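*Asks:* This is the structure I want to talk about, given as structure tokens.
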Amino acid sequence: MDFFEVVKKRGSYRNQFEEKAIPDEDIRKMLDAGIKAPSGYNLQTTSFVVVTDPKLRGQIAELMPSDATKTAPVILVVVSEHVEADGLCFEIEDYASATETLLLAITAMGYASVWMDGDTKSDGNFEKIKEILGLPENKTVRTILPVGIPVKEVTQNTRKAFEERVSYNKAE
């Protein structure tokens with residue numbers, strides 16, 4: 001699939017997934033794309049936890065109930081670590097870059113997902129997920145990505161017109 005086709009096709013998929021496992025080879029390919037995302041000062045502050053165990057996926061789905069979390073054969077948990085260089089930290093930028101790259105890879109491979117950081121932040125879910133997964137204190141759960149083969153068509157929400165979001169040379 002052409003890159004720009006992938007960008008147009010990527011959408012936030014919150015519906016049910018087919019009851020089919022994702023081959024580990026595909027999971028590794030997705031995550032390799034996320035690992036190769038840009039990273040400030042190349043500090044590589046983002047890591048990932050692949051949740052395939054039905055019990056653990058169920059515990060996460062209880063915290064963040066949706067058709068996607070309840071039926072995803074894989075939940076990717078995006079984790080960051082606060083690391084500074086020259087007094088700067090790129091933890092947020094790194095995780096966001098890795099997450100978007102992952103979402104594009106997921107789409108390019110024919111799967112679907114949704115970036116769920118709003119739900120991850122709500123009700124202290126990031127700390128609860130951290131506990132469920134046994135993550136060390138220096139790691140922060142940033143978002144989860146339920147991944148699977150979509151049952152329904154993936155659609156992208158409408159976007160504002162180009163002219164509303166882009167100006168040349170100065171702000172309008």
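We label chains A, B, ... in the order they appear in the structure tokens, count residues from 1 in each chain, and number ligands from 1 in the order shown.
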Find the residues near Thr101 in chain A: any atom within 8 Å, counting only C-alpha atoms, skip ones fewer than 5 places away on the same chain, and give them as a list in words.
*Replies:*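 The residues that qualify are Ala33, Gly34 and Ala37 of chain A.
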*Asks:* Considering only helix (DSSP H, G or I) as DSSP defines it on the backbone, what residues of chain A qualify? List them as a PyMOL selection string.
*Replies:* chain A and resi 3-9+24-35+40-42+54-63+67-71+91-108+117-133+162-165
*Asks:* Since we have the selection now, will you write its residues out, keeping C-alpha atoms, as a compact mmCIF listing (two decimals), in the first residue's frame?
*Replies:*
```txt
# COMPACT_ATOMS: atom_id res chain seq x y z
CA PHE A 3 2.27 5.66 2.04
CA PHE A 4 -0.32 8.34 1.27
CA GLU A 5 -3.00 5.69 0.87
CA VAL A 6 -2.08 4.39 4.34
CA VAL A 7 -2.39 7.93 5.76
CA LYS A 8 -5.83 8.33 4.18
CA LYS A 9 -6.96 4.88 5.32
CA ASP A 24 4.04 -12.93 16.03
CA GLU A 25 5.89 -12.10 12.81
CA ASP A 26 3.31 -9.37 12.11
CA ILE A 27 3.48 -8.04 15.68
CA ARG A 28 7.26 -7.83 15.45
CA LYS A 29 7.04 -6.02 12.09
CA MET A 30 4.62 -3.42 13.55
CA LEU A 31 6.77 -2.89 16.61
CA ASP A 32 9.95 -2.63 14.56
CA ALA A 33 8.32 0.32 12.79
CA GLY A 34 7.54 1.91 16.18
CA ILE A 35 11.10 1.33 17.34
CA GLY A 40 14.79 13.24 20.45
CA TYR A 41 18.57 13.06 20.85
CA ASN A 42 18.08 9.38 19.93
CA PRO A 54 -6.42 -13.40 27.53
CA LYS A 55 -6.49 -12.84 31.31
CA LEU A 56 -4.31 -9.72 31.11
CA ARG A 57 -6.21 -8.39 28.09
CA GLY A 58 -9.41 -8.93 30.07
CA GLN A 59 -8.08 -6.96 33.03
CA ILE A 60 -7.19 -4.05 30.77
CA ALA A 61 -10.59 -4.26 29.04
CA GLU A 62 -12.29 -4.06 32.46
CA LEU A 63 -10.49 -0.78 33.13
CA ASP A 67 -15.69 -3.28 21.79
CA ALA A 68 -12.07 -2.84 20.71
CA THR A 69 -10.48 -3.65 24.08
CA LYS A 70 -12.85 -6.55 24.72
CA THR A 71 -12.15 -8.28 21.38
CA GLU A 91 9.63 11.50 26.49
CA ILE A 92 6.26 12.82 25.23
CA GLU A 93 7.48 13.50 21.70
CA ASP A 94 9.12 10.07 21.51
CA TYR A 95 6.04 8.16 22.62
CA ALA A 96 3.78 10.17 20.29
CA SER A 97 6.08 9.60 17.33
CA ALA A 98 6.36 5.88 18.06
CA THR A 99 2.59 5.56 18.50
CA GLU A 100 1.74 7.27 15.23
CA THR A 101 4.35 5.24 13.37
CA LEU A 102 2.86 2.08 14.89
CA LEU A 103 -0.66 3.11 13.83
CA LEU A 104 0.52 3.64 10.25
CA ALA A 105 2.29 0.26 10.23
CA ILE A 106 -0.83 -1.43 11.66
CA THR A 107 -2.93 0.12 8.89
CA ALA A 108 -0.43 -0.75 6.15
CA ASP A 117 -4.47 7.72 25.76
CA GLY A 118 -7.56 9.60 27.00
CA ASP A 119 -8.94 6.44 28.58
CA THR A 120 -5.46 5.47 29.73
CA LYS A 121 -5.17 8.75 31.68
CA SER A 122 -8.70 8.56 33.16
CA ASP A 123 -9.30 7.17 36.64
CA GLY A 124 -5.62 6.42 37.17
CA ASN A 125 -5.78 3.63 34.58
CA PHE A 126 -2.15 4.18 33.59
CA GLU A 127 -1.08 3.25 37.13
CA LYS A 128 -3.47 0.27 37.23
CA ILE A 129 -2.13 -1.04 33.91
CA LYS A 130 1.41 -0.50 35.17
CA GLU A 131 0.57 -2.69 38.18
CA ILE A 132 -1.17 -5.37 36.07
CA LEU A 133 1.91 -5.65 33.85
CA PHE A 162 -6.37 22.54 4.38
CA GLU A 163 -6.78 26.33 4.31
CA GLU A 164 -8.05 26.34 7.92
CA ARG A 165 -4.95 24.59 9.18
```
*Asks:* Between A:Thr140, A:Glu153, A:Ser167, A:Phe17, which has the minimum distance to Ser66 in chain A (counting only C-alpha atoms)?
*Replies:*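 The closest residue to Ser66 in chain A is A:Phe17.
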*Asks:* Give the strand (DSSP E) residues of range 101-167 of chain A, as assigned by DSSP on the backbone, as a PyMOL selection string.
*Replies:* chain A and resi 139-147
*Asks:* Return the single residue from A:Asn138, A:Asn169, A:Thr143, A:Thr52 that is closest to Pro23 in chain A, with distances computed using only C-alpha atoms.
*Replies:* A:Thr52
*Asks:* What separation in Å, quoted to one decimal, exists between CA of Val141 in chain A and CA of Leu76 in chain A?
*Replies:*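 Separation of CA of Val141 in chain A and CA of Leu76 in chain A: 10.7 Å.
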